[in-house]
$ cat query-v5.txt   # compact mmCIF, C-alpha atoms
# COMPACT_ATOMS: atom_id res chain seq x y z
CA MET F 3 -12.46 -29.62 17.49
CA ARG F 4 -16.13 -29.77 18.39
CA ILE F 5 -15.80 -26.56 20.36
CA ALA F 6 -14.29 -25.03 17.22
CA ALA F 7 -17.32 -26.15 15.22
CA THR F 8 -19.63 -24.53 17.73
CA PHE F 9 -17.68 -21.30 17.58
CA ALA F 10 -17.55 -21.41 13.80
CA MET F 11 -21.32 -21.62 13.55
CA THR F 12 -21.88 -18.89 16.10
CA LEU F 13 -19.32 -16.56 14.55
CA ALA F 14 -20.68 -17.16 11.06
CA LEU F 15 -24.14 -16.26 12.29
CA MET F 16 -22.90 -13.16 14.09
CA ALA F 17 -20.85 -12.02 11.12
CA THR F 18 -23.67 -12.36 8.63
CA SER F 19 -26.03 -10.70 11.08
CA LEU F 20 -23.76 -7.69 11.10
CA TRP F 21 -22.58 -7.55 7.52
CA GLY F 22 -24.30 -10.30 5.58
CA THR F 23 -27.42 -10.37 3.46
CA ASP F 24 -30.15 -12.90 2.85
CA ASP F 25 -28.07 -14.11 -0.05
CA PHE F 26 -25.79 -16.00 2.37
CA PHE F 27 -28.59 -18.38 3.32
CA PRO F 28 -28.56 -20.47 5.46
CA PHE F 29 -26.39 -18.01 7.37
CA ALA F 30 -28.74 -15.12 6.72
CA PRO F 31 -29.31 -12.29 9.17
CA PHE F 32 -32.38 -13.01 11.30
CA LYS F 33 -34.31 -9.97 10.18
CA MET F 34 -37.89 -10.97 10.79
CA TYR F 35 -39.79 -7.75 11.39
CA SER F 36 -36.54 -5.88 11.78
CA HIS F 37 -37.42 -2.84 9.70
CA ALA F 38 -38.62 0.12 11.69
CA HIS F 39 -41.88 1.64 10.60
CA ASP F 40 -42.44 5.32 11.15
CA PRO F 41 -45.44 5.76 13.48
CA ASP F 42 -46.23 8.95 11.53
CA GLY F 43 -45.82 7.46 8.09
CA TRP F 44 -47.54 5.00 5.82
CA ALA F 45 -48.03 1.28 6.27
CA ASN F 46 -48.39 -0.62 3.04
CA SER F 47 -49.98 -3.86 2.05
CA THR F 48 -49.42 -5.41 -1.37
CA GLY F 49 -51.86 -7.61 -3.22
CA LEU F 50 -52.24 -9.43 -6.49
CA ILE F 51 -55.51 -9.24 -8.41
CA LEU F 52 -56.27 -11.47 -11.34
CA THR F 53 -59.06 -11.16 -13.89
CA ASP F 54 -60.29 -14.21 -15.73
CA ALA F 55 -61.94 -14.62 -19.13
CA THR F 56 -65.42 -14.29 -17.62
CA GLY F 57 -64.49 -10.82 -16.39
CA ARG F 58 -64.34 -11.83 -12.75
CA SER F 59 -61.59 -10.07 -10.74
CA PHE F 60 -60.32 -11.63 -7.54
CA PRO F 61 -57.36 -11.28 -5.19
CA ILE F 62 -55.10 -14.32 -4.84
CA GLY F 63 -53.29 -15.53 -1.75
CA ASP F 64 -49.94 -17.12 -1.05
CA ASN F 65 -51.08 -20.64 -1.81
CA ASP F 66 -52.82 -20.01 -5.11
CA THR F 67 -49.64 -19.82 -7.14
CA GLY F 68 -46.97 -20.43 -4.54
CA PHE F 69 -45.75 -16.90 -5.17
CA ARG F 70 -46.14 -15.26 -1.80
CA ARG F 71 -46.95 -11.66 -1.02
CA ALA F 72 -43.52 -11.29 0.57
CA GLU F 73 -41.91 -12.68 -2.58
CA LEU F 74 -43.94 -10.29 -4.70
CA GLU F 75 -42.73 -7.42 -2.53
CA GLY F 76 -39.16 -8.73 -2.74
CA GLN F 77 -39.33 -8.60 -6.53
CA LEU F 78 -41.64 -5.60 -6.79
CA ASP F 79 -39.05 -3.47 -8.58
CA ARG F 80 -38.80 -6.09 -11.30
CA PHE F 81 -42.56 -6.00 -11.75
CA ARG F 82 -42.62 -2.21 -11.89
CA GLU F 83 -39.99 -2.24 -14.61
CA ASP F 84 -41.49 -5.09 -16.56
CA PRO F 85 -45.21 -5.59 -15.90
CA GLY F 86 -45.06 -8.33 -18.52
CA LEU F 87 -43.72 -10.58 -15.74
CA LEU F 88 -47.29 -10.75 -14.50
CA ALA F 89 -47.94 -13.09 -17.41
CA LEU F 90 -45.78 -15.61 -15.53
CA ILE F 91 -48.00 -15.33 -12.48
CA ALA F 92 -51.07 -15.83 -14.66
CA GLU F 93 -49.40 -18.85 -16.20
CA ALA F 94 -48.57 -20.31 -12.77
CA TYR F 95 -52.15 -19.72 -11.66
CA GLU F 96 -53.53 -21.49 -14.70
CA ASP F 97 -51.18 -24.44 -14.17
CA ALA F 98 -52.22 -24.68 -10.54
CA HIS F 99 -55.94 -24.35 -11.36
CA PRO F 100 -56.42 -26.23 -14.63
CA ASP F 101 -60.22 -26.18 -14.27
CA SER F 102 -60.56 -22.41 -13.83
CA PRO F 103 -61.19 -20.00 -16.71
CA GLU F 104 -58.18 -18.51 -18.43
CA ILE F 105 -56.54 -15.50 -16.80
CA VAL F 106 -56.58 -12.46 -19.05
CA ALA F 107 -55.29 -9.68 -16.80
CA ALA F 108 -53.34 -9.19 -13.61
CA GLU F 109 -52.33 -6.28 -11.49
CA VAL F 110 -50.23 -5.58 -8.43
CA VAL F 111 -52.00 -3.23 -6.04
CA VAL F 112 -50.25 -1.48 -3.18
CA VAL F 113 -52.57 -0.05 -0.54
CA ARG F 114 -51.04 2.43 1.89
CA TYR F 115 -52.62 3.35 5.19
CA GLU F 116 -51.65 6.58 6.86
CA LEU F 117 -50.46 6.34 10.46
CA LYS F 118 -50.41 9.10 13.03
CA ASP F 119 -48.78 8.27 16.37
CA GLY F 120 -49.04 4.65 15.34
CA GLU F 121 -52.80 4.81 14.77
CA ARG F 122 -54.53 4.55 11.45
CA THR F 123 -56.06 7.88 10.44
CA GLY F 124 -58.41 6.24 7.96
CA ALA F 125 -56.68 7.85 5.00
CA GLU F 126 -55.38 5.41 2.46
CA THR F 127 -54.04 5.43 -1.06
CA VAL F 128 -54.26 2.71 -3.66
CA GLU F 129 -51.55 2.40 -6.25
CA VAL F 130 -51.46 0.01 -9.16
CA ALA F 131 -47.75 -0.83 -9.21
CA ALA F 132 -47.93 -3.02 -12.31
CA ALA F 133 -50.66 -4.10 -14.64
CA TRP F 134 -50.78 -6.58 -17.48
CA THR F 135 -53.47 -7.72 -19.86
CA GLU F 136 -53.22 -10.64 -22.20
CA ASP F 137 -52.84 -8.64 -25.39
CA SER F 138 -50.44 -5.98 -24.17
CA PRO F 139 -46.87 -6.45 -25.38
CA MET N 4 -14.80 -22.61 35.99
CA THR N 5 -13.16 -25.11 33.65
CA ARG N 6 -15.80 -27.59 34.72
CA TYR N 7 -18.51 -25.09 33.94
CA VAL N 8 -17.11 -24.39 30.47
CA ASN N 9 -16.58 -28.06 29.77
CA GLY N 10 -20.08 -28.84 30.94
CA PHE N 11 -21.44 -26.09 28.72
CA PHE N 12 -20.27 -27.88 25.61
CA PHE N 13 -20.20 -31.52 26.65
CA THR N 14 -22.74 -32.28 29.37
CA PRO N 15 -23.68 -35.85 28.44
CA VAL N 16 -27.25 -36.32 27.31
CA ALA N 17 -29.20 -39.58 27.43
CA LEU N 18 -29.70 -41.34 24.11
CA GLY N 19 -33.45 -41.51 24.67
CA ARG N 20 -33.63 -37.85 23.75
CA VAL N 21 -32.06 -38.60 20.36
CA ALA N 22 -34.84 -41.07 19.55
CA ALA N 23 -37.46 -38.54 20.59
CA MET N 24 -35.90 -35.72 18.58
CA ARG N 25 -35.61 -37.92 15.50
CA PHE N 26 -39.28 -38.66 15.78
CA LEU N 27 -40.17 -34.98 16.18
CA ALA N 28 -37.91 -33.92 13.30
CA GLY N 29 -39.50 -36.42 10.93
CA LEU N 30 -42.94 -35.51 12.19
CA PHE N 31 -42.32 -31.86 11.40
CA VAL N 32 -41.21 -32.68 7.86
CA TRP N 33 -44.47 -34.58 7.42
CA ILE N 34 -46.55 -31.73 8.82
CA GLU N 35 -44.80 -28.80 7.19
CA TRP N 36 -45.50 -29.35 3.50
CA TRP N 37 -49.29 -29.50 3.70
CA ALA N 38 -50.23 -27.77 6.94
CA TYR N 39 -47.55 -25.21 7.66
CA LYS N 40 -45.94 -24.02 4.42
CA PRO N 41 -48.17 -25.29 1.61
CA PHE N 42 -46.86 -22.63 -0.76
CA ILE N 43 -43.47 -24.36 -1.02
CA ILE N 44 -44.95 -27.23 -2.98
CA GLN N 45 -46.94 -24.66 -4.98
CA HIS N 46 -43.60 -23.24 -6.13
CA ARG N 47 -43.61 -26.13 -8.61
CA PHE N 48 -45.93 -24.08 -10.81
CA LEU N 49 -43.70 -21.01 -10.92
CA PRO N 50 -41.82 -20.28 -14.13
CA GLU N 51 -38.04 -20.19 -13.94
CA ASP N 52 -37.98 -16.45 -14.55
CA LEU N 53 -39.26 -15.82 -11.05
CA TYR N 54 -36.50 -17.95 -9.51
CA GLN N 55 -33.86 -15.77 -7.86
CA PRO N 56 -31.05 -18.15 -6.83
CA LEU N 57 -29.26 -17.45 -3.57
CA LEU N 58 -25.48 -17.35 -3.39
CA ILE N 59 -25.30 -21.06 -2.58
CA GLY N 60 -27.60 -21.82 -5.50
CA ARG N 61 -25.30 -19.89 -7.85
CA VAL N 62 -22.05 -21.38 -6.52
CA LEU N 63 -23.24 -24.97 -6.43
CA PRO N 64 -24.69 -26.40 -9.63
CA ILE N 65 -28.24 -26.48 -8.33
CA PRO N 66 -30.81 -26.45 -11.12
CA ALA N 67 -33.70 -24.01 -11.14
CA PRO N 68 -36.71 -25.70 -9.59
CA ASN N 69 -39.41 -26.99 -11.89
CA TYR N 70 -42.47 -29.15 -11.41
CA TRP N 71 -40.57 -32.43 -11.05
CA ILE N 72 -37.65 -31.13 -9.01
CA VAL N 73 -40.01 -29.64 -6.44
CA THR N 74 -42.26 -32.69 -6.31
CA GLY N 75 -39.30 -35.08 -6.25
CA THR N 76 -37.52 -33.21 -3.45
CA LEU N 77 -40.62 -33.43 -1.32
CA ALA N 78 -41.02 -37.12 -2.07
CA VAL N 79 -37.43 -37.82 -0.98
CA CYS N 80 -37.89 -35.74 2.20
CA LEU N 81 -41.03 -37.61 3.17
CA ALA N 82 -39.62 -41.01 2.31
CA ALA N 83 -36.41 -40.45 4.26
CA ALA N 84 -38.23 -38.94 7.23
CA LEU N 85 -40.08 -42.17 8.02
CA PRO N 86 -37.07 -44.41 8.81
CA VAL N 87 -35.49 -41.50 10.72
CA MET N 88 -38.63 -41.14 12.83
CA PHE N 89 -38.66 -44.79 13.78
CA GLY N 90 -34.93 -45.24 14.18
CA TYR N 91 -34.27 -47.52 11.20
CA ARG N 92 -30.71 -46.83 9.94
CA PRO N 93 -31.17 -43.32 11.27
CA ARG N 94 -27.77 -42.01 10.19
CA LEU N 95 -28.00 -43.08 6.56
CA PHE N 96 -31.56 -41.83 6.16
CA GLY N 97 -30.67 -38.84 8.31
CA TRP N 98 -28.14 -37.69 5.74
CA ILE N 99 -30.57 -38.23 2.89
CA LEU N 100 -33.18 -36.27 4.78
CA PHE N 101 -30.76 -33.46 5.60
CA ILE N 102 -29.64 -33.03 2.00
CA ALA N 103 -33.16 -33.26 0.55
CA TYR N 104 -34.51 -30.90 3.18
CA PHE N 105 -31.76 -28.40 2.43
CA GLU N 106 -32.76 -28.40 -1.23
CA TRP N 107 -36.37 -28.02 -0.07
CA MET N 108 -35.31 -24.92 1.87
CA LEU N 109 -33.59 -23.53 -1.23
CA ILE N 110 -36.83 -23.99 -3.17
CA TYR N 111 -38.61 -22.27 -0.31
CA ASN N 112 -36.32 -19.25 -0.11
CA SER N 113 -35.25 -18.56 -3.69
CA TYR N 114 -38.15 -16.46 -4.96
CA GLY N 115 -37.47 -13.05 -3.50
CA LYS N 116 -38.03 -13.64 0.20
CA VAL N 117 -35.87 -15.46 2.71
CA ASP N 118 -37.47 -16.68 5.92
CA HIS N 119 -35.47 -17.21 9.04
CA ALA N 120 -37.33 -19.62 11.26
CA SER N 121 -35.67 -22.79 10.02
CA PHE N 122 -32.02 -22.38 10.96
CA GLY N 123 -32.26 -24.25 14.25
CA PHE N 124 -34.21 -27.03 12.57
CA MET N 125 -31.60 -27.48 9.84
CA VAL N 126 -28.88 -27.66 12.48
CA LEU N 127 -31.00 -30.26 14.27
CA LEU N 128 -31.26 -32.41 11.13
CA LEU N 129 -27.51 -32.15 10.66
CA VAL N 130 -26.48 -33.12 14.20
CA LEU N 131 -29.01 -35.97 14.27
CA CYS N 132 -27.03 -37.54 11.40
CA MET N 133 -23.96 -37.65 13.61
CA MET N 134 -25.63 -39.22 16.62
CA PRO N 135 -25.75 -42.95 17.35
CA ALA N 136 -28.78 -45.15 16.95
CA ALA N 137 -31.06 -44.74 19.95
CA ARG N 138 -34.29 -46.01 21.41
CA TRP N 139 -37.06 -44.21 23.25
CA GLY N 140 -36.79 -43.82 26.97
CA ASP N 141 -33.12 -44.79 27.13
CA ARG N 142 -31.80 -42.95 30.18
CA GLU N 143 -28.95 -45.33 30.93
CA HIS N 144 -26.69 -44.65 27.99
CA VAL N 145 -25.43 -41.11 27.86
CA SER N 146 -23.18 -39.46 25.32
CA GLU N 147 -21.05 -36.36 25.24
CA ARG N 148 -21.36 -36.24 21.48
CA VAL N 149 -25.11 -36.04 21.80
CA GLY N 150 -24.73 -33.34 24.45
CA TRP N 151 -22.52 -31.36 22.11
CA GLY N 152 -24.91 -31.77 19.19
CA PHE N 153 -27.96 -30.60 21.09
CA ASN N 154 -25.93 -27.75 22.54
CA LEU N 155 -25.23 -26.65 18.97
CA VAL N 156 -28.96 -26.71 18.17
CA GLN N 157 -29.68 -24.79 21.36
CA ILE N 158 -27.15 -22.13 20.45
CA ALA N 159 -28.73 -21.87 17.01
CA VAL N 160 -32.15 -21.46 18.61
CA VAL N 161 -30.90 -18.74 20.94
CA CYS N 162 -29.09 -16.97 18.11
CA THR N 163 -32.39 -16.84 16.26
CA TYR N 164 -33.70 -14.64 19.03
CA PHE N 165 -30.60 -12.80 20.07
CA LEU N 166 -29.23 -11.96 16.65
CA SER N 167 -32.65 -10.90 15.41
CA THR N 168 -32.25 -7.92 17.75
CA TRP N 169 -28.97 -7.12 16.07
CA SER N 170 -30.85 -7.15 12.80
CA LYS N 171 -33.51 -4.89 14.21
CA PHE N 172 -30.86 -2.36 15.17
CA ARG N 173 -29.07 -2.82 11.89
CA TYR N 174 -32.06 -2.52 9.55
CA GLY N 175 -34.48 -0.63 11.73
CA GLY N 176 -32.01 1.50 13.64
CA PHE N 177 -31.98 1.95 17.39
CA ASP N 178 -35.44 3.52 17.07
CA TRP N 179 -36.96 0.19 16.12
CA ALA N 180 -38.63 -0.19 19.50
CA ASP N 181 -40.27 3.24 19.17
CA SER N 182 -41.43 2.69 15.61
CA GLY N 183 -44.78 1.55 14.28
CA VAL N 184 -43.61 -1.92 13.36
CA PHE N 185 -46.22 -3.82 15.37
CA THR N 186 -48.98 -1.60 13.97
CA TRP N 187 -47.72 -2.43 10.52
CA ALA N 188 -47.59 -6.12 11.33
CA ILE N 189 -51.13 -6.17 12.76
CA ILE N 190 -52.53 -4.24 9.79
CA ARG N 191 -51.06 -6.91 7.56
CA ARG N 192 -51.71 -10.02 9.59
CA GLY N 193 -53.89 -9.10 12.55
CA THR N 194 -56.40 -11.45 14.18
CA VAL N 195 -59.34 -11.00 16.55
CA PHE N 196 -56.81 -11.28 19.36
CA SER N 197 -54.70 -8.40 18.12
CA ASP N 198 -56.77 -6.01 15.99
CA TRP N 199 -58.05 -4.14 19.06
CA MET N 200 -54.46 -3.26 19.94
CA LEU N 201 -54.32 -0.92 16.95
CA ASP N 202 -56.30 1.53 19.10
CA PHE N 203 -53.62 1.47 21.80
CA PRO N 204 -50.36 2.41 20.11
CA GLN N 205 -48.57 2.98 23.43
CA LEU N 206 -49.26 -0.62 24.34
CA LEU N 207 -47.67 -1.74 21.09
CA THR N 208 -44.63 0.44 21.69
CA ALA N 209 -44.27 -1.08 25.16
CA ALA N 210 -44.54 -4.53 23.61
CA GLN N 211 -41.75 -3.61 21.19
CA TRP N 212 -39.48 -2.63 24.07
CA GLY N 213 -40.41 -5.84 25.82
CA MET N 214 -39.52 -7.79 22.71
CA VAL N 215 -36.05 -6.23 22.50
CA ALA N 216 -35.40 -6.87 26.19
CA PHE N 217 -36.62 -10.45 25.90
CA GLU N 218 -34.49 -11.23 22.88
CA LEU N 219 -31.36 -9.71 24.33
CA LEU N 220 -31.80 -11.80 27.47
CA THR N 221 -32.34 -15.14 25.72
CA PRO N 222 -28.68 -16.27 25.91
CA LEU N 223 -29.23 -16.67 29.65
CA VAL N 224 -31.08 -19.89 28.94
CA LEU N 225 -27.81 -21.43 27.76
CA PHE N 226 -25.78 -20.28 30.72
CA VAL N 227 -28.16 -21.53 33.39
CA TYR N 228 -27.65 -25.08 32.13
CA PRO N 229 -26.55 -26.46 35.54
CA TRP N 230 -29.92 -25.42 37.00
CA LYS N 231 -32.34 -27.46 34.96
CA ARG N 232 -35.51 -26.22 36.62
CA ILE N 233 -34.70 -22.63 35.73
CA GLN N 234 -33.82 -23.67 32.22
CA TYR N 235 -37.08 -25.57 31.73
CA ALA N 236 -39.03 -22.61 33.12
CA ILE N 237 -37.39 -20.27 30.62
CA ILE N 238 -38.12 -22.68 27.77
CA ALA N 239 -41.74 -22.84 28.91
CA PHE N 240 -41.78 -19.05 28.73
CA PHE N 241 -40.38 -19.15 25.18
CA TYR N 242 -43.15 -21.51 24.12
CA ALA N 243 -45.73 -19.24 25.76
CA PHE N 244 -44.23 -16.26 23.92
CA HIS N 245 -44.73 -18.06 20.62
CA VAL N 246 -48.31 -18.95 21.49
CA ALA N 247 -48.99 -15.24 22.07
CA ILE N 248 -47.30 -14.25 18.81
CA PHE N 249 -49.30 -16.88 16.98
CA ALA N 250 -52.55 -15.62 18.46
CA ALA N 251 -51.71 -12.05 17.45
CA LEU N 252 -50.17 -12.50 14.00
CA THR N 253 -50.62 -16.18 13.03
CA ILE N 254 -46.85 -16.48 12.73
CA SER N 255 -45.70 -19.60 14.49
CA PHE N 256 -42.01 -20.30 13.76
CA LEU N 257 -42.96 -23.96 13.92
CA PRO N 258 -39.60 -25.47 12.85
CA HIS N 259 -37.90 -23.34 15.48
CA LEU N 260 -40.31 -24.70 18.09
CA PHE N 261 -39.54 -28.27 17.11
CA ALA N 262 -35.79 -27.64 17.27
CA MET N 263 -36.20 -25.99 20.68
CA ALA N 264 -37.67 -29.22 22.08
CA CYS N 265 -34.10 -30.54 22.45
CA PHE N 266 -33.82 -28.43 25.61
CA LEU N 267 -36.38 -30.68 27.25
CA PRO N 268 -35.68 -34.02 28.98
CA LEU N 269 -37.49 -36.03 26.34
CA GLU N 270 -35.55 -39.15 27.33
CA ARG N 271 -38.10 -39.47 30.14
CA VAL N 272 -40.80 -40.20 27.55
CA ASP N 273 -41.03 -43.86 26.64
CA PRO N 274 -44.08 -44.65 24.50
CA LYS N 275 -43.66 -48.41 24.97
CA ASP N 276 -43.54 -48.06 28.72
CA LEU N 277 -46.50 -45.69 28.67
CA ALA N 278 -48.46 -48.13 26.54
CA ARG N 279 -47.53 -50.97 28.89
CA ARG N 280 -48.68 -49.01 31.88
CA ALA N 281 -51.89 -47.92 30.20
CA ARG N 282 -52.59 -51.54 29.34
CA ALA N 283 -51.78 -52.64 32.87
CA LYS N 284 -54.14 -50.03 34.21
CA LEU N 285 -56.94 -51.15 31.90
CA LYS N 286 -56.37 -54.75 32.87
CA GLY N 287 -56.11 -53.74 36.49
CA ARG N 288 -59.59 -52.30 36.31
CA LYS N 289 -60.85 -55.62 35.05
CA GLY N 290 -59.19 -57.24 38.02
CA SER N 291 -56.34 -59.11 36.31
CA PRO N 292 -53.43 -60.53 38.37
CA ASP N 293 -51.28 -57.81 36.83
CA GLN N 294 -52.59 -55.46 39.45
CA HIS N 295 -50.99 -57.42 42.27
CA GLU N 296 -47.59 -57.09 40.77
CA ARG N 297 -47.87 -53.35 40.35
CA GLY N 298 -49.64 -52.78 43.61
CA GLY N 299 -46.78 -54.40 45.45
CA THR N 300 -44.59 -51.40 44.82
CA ASP N 301 -47.14 -49.03 46.23
CA PRO N 302 -48.55 -50.27 49.56
CA GLU N 303 -51.03 -47.42 49.80
CA LEU N 304 -52.65 -48.46 46.56
CA THR N 305 -53.04 -52.08 47.63
CA ALA N 306 -54.45 -50.98 50.93
CA THR N 307 -57.28 -49.03 49.30
CA GLY N 308 -57.66 -51.32 46.30

$ encode --input "query-v5.txt" --output "structure tokens"
Amino acid sequence: MRIAATFAMTLALMATSLWGTDDFFPFAPFKMYSHAHDPDGWANSTGLILTDATGRSFPIGDNDTGFRRAELEGQLDRFREDPGLLALIAEAYEDAHPDSPEIVAAEVVVVRYELKDGERTGAETVEVAAAWTEDSP
Amino acid sequence: MTRYVNGFFFTPVALGRVAAMRFLAGLFVWIEWWAYKPFIIQHRFLPEDLYQPLLIGRVLPIPAPNYWIVTGTLAVCLAAALPVMFGYRPRLFGWILFIAYFEWMLIYNSYGKVDHASFGFMVLLLVLCMMPAARWGDREHVSERVGWGFNLVQIAVVCTYFLSTWSKFRYGGFDWADSGVFTWAIIRRGTVFSDWMLDFPQLLTAAQWGMVAFELLTPLVLFVYPWKRIQYAIIAFFYAFHVAIFAALTISFLPHLFAMACFLPLERVDPKDLARRARAKLKGRKGSPDQHERGGTDPELTATG
């Protein structure tokens, strides 16, 4: 019986590693850093930049709103389609920082660094994947 | 052979280790929320629209997290962790802790990114609920059930390594080890210990091959269980590996490291005994009669003292 339990856990893990997705948490495939990155391609880094009522723009980190960079990247397509979602981030930021000035704009910036044989060439592109300002619909 | 297989699953483990692991498990819960993953509690500010429930969150009637659900879950985790740590009704509070911590993990992982370092730790919390009450340093009472439970945690820990290679092949393809993944990782999360490596891409490729080899070999640690010294040496290597990864990328897999501690003979640690000895030593220095008693067991000490 206990041996069966051990096998059940191991098999469940193996099966979801082969065919499963993160959706099957806690039996999700262990895919930390599992995606290959082309040594002659582009490495990207995503960031969130907020602008407050005083006009100050600043990048925010994982702990400012609880919405992590990896979570932003996981939902990036949603943000591209509906930049209005950034209002939710601004709202979360304001709730988490009640003493800070109001947030009036937010944007998602994706910086890509070019790699050649795994080394950075120095070339980079900056893309604004989604942008929102308070008054936009 | 049968003995080997039987021993693999059911080598009895001393109850002292259960007390130590309960303490470590509770300790981790107390450390995690403010020092290790502070963004989980910050999820309380996120609007429901950003919540992306996992399968289990859609099948079970689990409400979308809000300010009070997140705060309350943490409060229950912390409150239940204390009696577990100190062995007061450890099964009852163990279950409460397991359930609350599972909800905590759902809050953690339901916003577009699932992390994978906690599986072993969740298994640990679960098996601790099924183990008897125990006290520190108990090496007399042994239990097959405890041996089985920790074996399950150990398998989970090893799977975290071994199956992550499967994922690398599955998502990254067999070229993963030749790709620029470490360059990418260091660009994103590099430190003073790793940024210089960006100038040596061949080194990083070699490290990627080393990583694959290492992860594919990890199941060995389970199979060498009759040879404890080898097993402890491998576990020491695992810990060293994580220290290196932490120095390079500030990724620590902390819950995994806590769960992995169940490989170690923690039943040999007895805080009360240590305290007693420390006190005896202090007193001994002041020349109390205690010294005589202890010295008697070690003639060499009495001779010089």

$ closest_residue --input "query-v5.txt" --among "F:Ala94, F:Val106, F:Ala55, F:Ala45" --to "Thr127 in chain F" --atoms "only C-alpha atoms"
F:Ala45

$ residues_around --input "query-v5.txt" --residues "range 25-37 of chain N" --least-positions-apart "5" --cutoff "9 Å" --atoms "all atoms listed in the file" --output "PyMOL selection string"
chain N and resi 20+42-44+77+80-81+83-90+93+97+100+104+124+127-128+131+257-258+261-262+264

$ atom_distance --input "query-v5.txt" --atom1 "CA of Ala107 in chain F" --atom2 "CA of Ile110 in chain N"
27.0 Å

$ atom_distance --input "query-v5.txt" --atom1 "CA of Arg138 in chain N" --atom2 "CA of Leu267 in chain N"
16.5 Å

$ closest_atom_pairs --input "query-v5.txt" --of "chain N" --to "chain F" --cutoff "7 Å" --atoms "only C-alpha atoms" --output "Markdown table"
| residue | atom | partner | partner_atom | distance |
| --- | --- | --- | --- | --- |
| N:Pro41 | CA | F:Asn65 | CA | 6.5 |
| N:Phe42 | CA | F:Gly68 | CA | 4.4 |
| N:Ile43 | CA | F:Gly68 | CA | 6.3 |
| N:Gln45 | CA | F:Gly68 | CA | 4.3 |
| N:His46 | CA | F:Gly68 | CA | 4.7 |
| N:Phe48 | CA | F:Ala94 | CA | 5.0 |
| N:Leu49 | CA | F:Ala94 | CA | 5.3 |
| N:Pro50 | CA | F:Leu90 | CA | 6.3 |
| N:Leu57 | CA | F:Asp25 | CA | 5.0 |
| N:Leu58 | CA | F:Asp25 | CA | 5.3 |
| N:Tyr114 | CA | F:Glu73 | CA | 5.8 |
| N:Gly115 | CA | F:Glu73 | CA | 4.5 |
| N:Lys116 | CA | F:Glu73 | CA | 4.9 |
| N:Val117 | CA | F:Asp24 | CA | 6.3 |
| N:His119 | CA | F:Phe32 | CA | 5.7 |
| N:Phe122 | CA | F:Pro28 | CA | 6.8 |
| N:Leu155 | CA | F:Thr8 | CA | 6.1 |
| N:Thr163 | CA | F:Phe32 | CA | 6.3 |
| N:Leu166 | CA | F:Phe32 | CA | 6.3 |
| N:Ser167 | CA | F:Phe32 | CA | 4.6 |
| N:Trp169 | CA | F:Ser19 | CA | 6.8 |
| N:Ser170 | CA | F:Lys33 | CA | 5.2 |
| N:Lys171 | CA | F:Ser36 | CA | 4.0 |
| N:Tyr174 | CA | F:His37 | CA | 5.4 |
| N:Gly175 | CA | F:His37 | CA | 4.2 |
| N:Trp179 | CA | F:Ala38 | CA | 4.7 |
| N:Ser182 | CA | F:His39 | CA | 5.1 |
| N:Gly183 | CA | F:Pro41 | CA | 4.3 |
| N:Val184 | CA | F:His39 | CA | 4.8 |
| N:Thr186 | CA | F:Gly120 | CA | 6.4 |
| N:Trp187 | CA | F:Ala45 | CA | 5.7 |
| N:Arg191 | CA | F:Ser47 | CA | 6.4 |
| N:Leu201 | CA | F:Glu121 | CA | 6.3 |
| N:Asp202 | CA | F:Glu121 | CA | 6.5 |
| N:Pro204 | CA | F:Gly120 | CA | 5.4 |

$ residues_around --input "query-v5.txt" --residues "Lys231 in chain N" --least-positions-apart "6" --cutoff "10 Å" --atoms "all atoms listed in the file" --output "count of residues only"
5

$ residues_around --input "query-v5.txt" --residues "Phe105 in chain N" --least-positions-apart "4" --cutoff "8 Å" --atoms "only C-alpha atoms" --output "PyMOL selection string"
chain N and resi 101+109+125

$ atom_distance --input "query-v5.txt" --atom1 "CA of Arg94 in chain N" --atom2 "CA of Tyr242 in chain N"
29.2 Å

$ residues_around --input "query-v5.txt" --residues "Ala103 in chain N" --least-positions-apart "3" --cutoff "7 Å" --atoms "all atoms listed in the file" --output "ChimeraX atom specification"
/N:76,79-80,99-100,106-107

$ write_last_selection --input "query-v5.txt" --atoms "C-alpha atoms" --output "PDB file, in the coordinates of the input"
ATOM      1  CA  THR N  76     -37.520 -33.210  -3.450  1.00  0.00           C
ATOM      2  CA  VAL N  79     -37.430 -37.820  -0.980  1.00  0.00           C
ATOM      3  CA  CYS N  80     -37.890 -35.740   2.200  1.00  0.00           C
ATOM      4  CA  ILE N  99     -30.570 -38.230   2.890  1.00  0.00           C
ATOM      5  CA  LEU N 100     -33.180 -36.270   4.780  1.00  0.00           C
ATOM      6  CA  GLU N 106     -32.760 -28.400  -1.230  1.00  0.00           C
ATOM      7  CA  TRP N 107     -36.370 -28.020  -0.070  1.00  0.00           C
TER       8      TRP N 107
END

$ closest_residue --input "query-v5.txt" --among "F:Pro85, F:Gly49, F:Gly22, F:Gly57" --to "Ala132 in chain F" --atoms "all atoms listed in the file"
F:Pro85

$ residues_around --input "query-v5.txt" --residues "Leu269 in chain N" --least-positions-apart "5" --cutoff "12 Å" --atoms "all atoms listed in the file" --output "PyMOL selection string"
chain N and resi 16-27+138-142+235+263-264+274

$ closest_residue --input "query-v5.txt" --among "F:Leu88, F:Ile105, F:Leu13, F:Ala6" --to "Ala131 in chain F" --atoms "only C-alpha atoms"
F:Leu88
